[in-house]
Amino acid sequence: MSAKKSAAPDPARSLALLWGSHSKPGRSGLTVRAIVDAAIGLADANGLEAVSMRMVAEQLKAGTMSLYTHVPGKGELTDLMFDSVYADLYADVDEPARQSGWRAGMEFVALRNWEVLMAHPWIHEVPAIRSALGPNITLKYEAELRPLDGSGLSDVEMDSALTLVLTHVQGTARGAAEHQRTQQETGLTDEEWWLTTGPLLDRYMAGLADRFPVAGRVGTAAGEQYQAAMDSDHAFRFGLDRILDGIQLLIDSRS
């Protein structure tokens, strides 16, 4: 059975809202800004599925219909939420480029995106590839390209390099969010889970060391190093360093 899909946003309405004023109150006293902030709070606490026009209205102690005079529906609201969480990503558009060189700039970009994704894990549920381009997302793209400008990469290579960095950050943050959610739902830390599962696995793996010698050795070493099934911070840093090493080789080849 396929999952129920929420209504797709109307691009024209989303863009008008994204690029319009969010501070002007309506007759009810509500503003678009207040509605978006309340929706983000709900999503941060309980995920994007918890956000509905009714639940946002309850948070604001307002009638549900009064919200529709500001935002047509959840699709457009989600576009507003997605753009809003990136509003304070950088102090200004040149902050990433002010770091010490393109590599430091990309490290800065990666870290800031990581922090936002860890603070708002519901972002992973938003189909960003077709999200309406609001002012904050557009400014984000401009800011994140500037460290690469003048590095020797072509415009297409600049876009591809940035996409590669951000895709790594998003994928690792998604894994970290799933890991955190699993611990919350089970009430067990990794160590507690392994104390129960480890002896059971040992029973099935007994006598199979010759069949899985590399997996056994590497899995044991990683588990001892992380004291967990995974280490999100290590995965983030290790992958980012390898990606930036590769971009450096490409830049060097242009010299």
# chains A, B, ... in the order shown; residues from 1 in each chain; ligands from 1
call {"tool": "residues_around", "arguments": {"residues": "Leu42 in chain A", "least_positions_apart": "4", "cutoff": "9 Å", "atoms": "only C-alpha atoms", "output": "list in words"}}
result
Asp37, Ala38, Asn46, Gly47, Leu48, Ala50, Val51, Met55, Val56 and Gln59 of chain A
call {"tool": "write_last_selection", "arguments": {"atoms": "N, CA and C atoms", "output": "PDB file, in the first residue's frame"}}
result
ATOM      1  N   ASP A  37       6.356  29.957  11.932  1.00  0.00           N
ATOM      2  CA  ASP A  37       7.123  29.645  13.149  1.00  0.00           C
ATOM      3  C   ASP A  37       6.427  28.552  13.964  1.00  0.00           C
ATOM      4  N   ALA A  38       5.111  28.633  14.078  1.00  0.00           N
ATOM      5  CA  ALA A  38       4.358  27.621  14.831  1.00  0.00           C
ATOM      6  C   ALA A  38       4.458  26.261  14.145  1.00  0.00           C
ATOM      7  N   ASN A  46       7.688  16.814  16.418  1.00  0.00           N
ATOM      8  CA  ASN A  46       6.987  15.573  16.081  1.00  0.00           C
ATOM      9  C   ASN A  46       7.077  15.154  14.618  1.00  0.00           C
ATOM     10  N   GLY A  47       7.852  15.837  13.806  1.00  0.00           N
ATOM     11  CA  GLY A  47       7.965  15.484  12.399  1.00  0.00           C
ATOM     12  C   GLY A  47       6.977  16.232  11.533  1.00  0.00           C
ATOM     13  N   LEU A  48       7.215  16.189  10.223  1.00  0.00           N
ATOM     14  CA  LEU A  48       6.385  16.951   9.288  1.00  0.00           C
ATOM     15  C   LEU A  48       4.955  16.447   9.251  1.00  0.00           C
ATOM     16  N   ALA A  50       3.133  15.708  11.623  1.00  0.00           N
ATOM     17  CA  ALA A  50       2.364  16.298  12.727  1.00  0.00           C
ATOM     18  C   ALA A  50       1.824  17.675  12.375  1.00  0.00           C
ATOM     19  N   VAL A  51       2.312  18.250  11.288  1.00  0.00           N
ATOM     20  CA  VAL A  51       1.895  19.596  10.907  1.00  0.00           C
ATOM     21  C   VAL A  51       0.624  19.537  10.072  1.00  0.00           C
ATOM     22  N   MET A  55      -3.672  21.764  13.540  1.00  0.00           N
ATOM     23  CA  MET A  55      -2.739  21.733  14.659  1.00  0.00           C
ATOM     24  C   MET A  55      -1.996  23.065  14.811  1.00  0.00           C
ATOM     25  N   VAL A  56      -1.662  23.695  13.681  1.00  0.00           N
ATOM     26  CA  VAL A  56      -1.014  25.002  13.748  1.00  0.00           C
ATOM     27  C   VAL A  56      -1.967  26.022  14.363  1.00  0.00           C
ATOM     28  N   GLN A  59      -2.011  25.673  18.044  1.00  0.00           N
ATOM     29  CA  GLN A  59      -0.811  26.258  18.647  1.00  0.00           C
ATOM     30  C   GLN A  59      -0.950  27.769  18.797  1.00  0.00           C
TER      31      GLN A  59
END
call {"tool": "residues_around", "arguments": {"residues": "Ala128 in chain A", "least_positions_apart": "2", "cutoff": "12 Å", "atoms": "only C-alpha atoms", "output": "list in words"}}
result
Thr78, Asp79, Met81, Phe82, Asp83, Trp122, Ile123, His124, Glu125, Val126, Arg130, Ser131, Ala132, Leu133, Gly134, Ile137, Thr167 and Gln170 of chain A
call {"tool": "write_last_selection", "arguments": {"atoms": "N, CA and C atoms", "output": "PDB file, in the first residue's frame"}}
result
ATOM      1  N   THR A  78       4.547  24.204   3.785  1.00  0.00           N
ATOM      2  CA  THR A  78       5.814  23.468   3.812  1.00  0.00           C
ATOM      3  C   THR A  78       6.892  24.207   3.037  1.00  0.00           C
ATOM      4  N   ASP A  79       6.538  24.781   1.896  1.00  0.00           N
ATOM      5  CA  ASP A  79       7.508  25.578   1.138  1.00  0.00           C
ATOM      6  C   ASP A  79       8.023  26.751   1.982  1.00  0.00           C
ATOM      7  N   MET A  81       8.083  26.916   5.295  1.00  0.00           N
ATOM      8  CA  MET A  81       8.887  26.368   6.386  1.00  0.00           C
ATOM      9  C   MET A  81      10.296  26.049   5.908  1.00  0.00           C
ATOM     10  N   PHE A  82      10.389  25.392   4.759  1.00  0.00           N
ATOM     11  CA  PHE A  82      11.683  24.977   4.208  1.00  0.00           C
ATOM     12  C   PHE A  82      12.567  26.190   3.952  1.00  0.00           C
ATOM     13  N   ASP A  83      12.003  27.237   3.383  1.00  0.00           N
ATOM     14  CA  ASP A  83      12.788  28.440   3.106  1.00  0.00           C
ATOM     15  C   ASP A  83      13.169  29.138   4.406  1.00  0.00           C
ATOM     16  N   TRP A 122      13.052  17.078  10.108  1.00  0.00           N
ATOM     17  CA  TRP A 122      11.908  16.958   9.199  1.00  0.00           C
ATOM     18  C   TRP A 122      12.245  17.485   7.793  1.00  0.00           C
ATOM     19  N   ILE A 123      13.319  18.246   7.664  1.00  0.00           N
ATOM     20  CA  ILE A 123      13.709  18.759   6.340  1.00  0.00           C
ATOM     21  C   ILE A 123      13.911  17.607   5.361  1.00  0.00           C
ATOM     22  N   HIS A 124      14.351  16.447   5.868  1.00  0.00           N
ATOM     23  CA  HIS A 124      14.580  15.293   4.996  1.00  0.00           C
ATOM     24  C   HIS A 124      13.286  14.824   4.321  1.00  0.00           C
ATOM     25  N   GLU A 125      12.146  15.178   4.888  1.00  0.00           N
ATOM     26  CA  GLU A 125      10.866  14.746   4.343  1.00  0.00           C
ATOM     27  C   GLU A 125      10.355  15.668   3.243  1.00  0.00           C
ATOM     28  N   VAL A 126      11.024  16.787   3.049  1.00  0.00           N
ATOM     29  CA  VAL A 126      10.595  17.766   2.041  1.00  0.00           C
ATOM     30  C   VAL A 126      11.277  17.466   0.712  1.00  0.00           C
ATOM     31  N   ARG A 130      12.057  19.958  -5.951  1.00  0.00           N
ATOM     32  CA  ARG A 130      10.995  20.725  -6.600  1.00  0.00           C
ATOM     33  C   ARG A 130      10.391  21.772  -5.668  1.00  0.00           C
ATOM     34  N   SER A 131      11.092  22.074  -4.603  1.00  0.00           N
ATOM     35  CA  SER A 131      10.606  23.096  -3.697  1.00  0.00           C
ATOM     36  C   SER A 131      10.698  24.461  -4.376  1.00  0.00           C
ATOM     37  N   ALA A 132       9.692  25.309  -4.128  1.00  0.00           N
ATOM     38  CA  ALA A 132       9.713  26.644  -4.713  1.00  0.00           C
ATOM     39  C   ALA A 132      10.931  27.413  -4.206  1.00  0.00           C
ATOM     40  N   LEU A 133      11.600  28.116  -5.083  1.00  0.00           N
ATOM     41  CA  LEU A 133      12.820  28.832  -4.714  1.00  0.00           C
ATOM     42  C   LEU A 133      12.476  30.160  -4.058  1.00  0.00           C
ATOM     43  N   GLY A 134      12.596  30.181  -2.742  1.00  0.00           N
ATOM     44  CA  GLY A 134      12.334  31.398  -1.999  1.00  0.00           C
ATOM     45  C   GLY A 134      13.590  32.233  -1.837  1.00  0.00           C
ATOM     46  N   ILE A 137      16.558  30.426   0.240  1.00  0.00           N
ATOM     47  CA  ILE A 137      17.211  29.342  -0.493  1.00  0.00           C
ATOM     48  C   ILE A 137      18.062  29.909  -1.628  1.00  0.00           C
ATOM     49  N   THR A 167      25.080  16.947  -0.799  1.00  0.00           N
ATOM     50  CA  THR A 167      24.477  15.616  -0.833  1.00  0.00           C
ATOM     51  C   THR A 167      25.087  14.727   0.249  1.00  0.00           C
ATOM     52  N   GLN A 170      23.626  15.923   3.597  1.00  0.00           N
ATOM     53  CA  GLN A 170      22.228  15.524   3.739  1.00  0.00           C
ATOM     54  C   GLN A 170      22.093  14.032   4.010  1.00  0.00           C
TER      55      GLN A 170
END
call {"tool": "atom_distance", "arguments": {"atom1": "CA of Lys74 in chain A", "atom2": "CA of Met53 in chain A"}}
result
6.6 Å
call {"tool": "atom_distance", "arguments": {"atom1": "CA of Gln248 in chain A", "atom2": "CA of Ala104 in chain A"}}
result
11.9 Å
call {"tool": "residues_around", "arguments": {"residues": "range 63-67 of chain A", "least_positions_apart": "4", "cutoff": "7 Å", "atoms": "only C-alpha atoms", "output": "list of chain:residue names"}}
result
A:Ser28, A:Met53, A:Arg54, A:Ala57, A:Val71
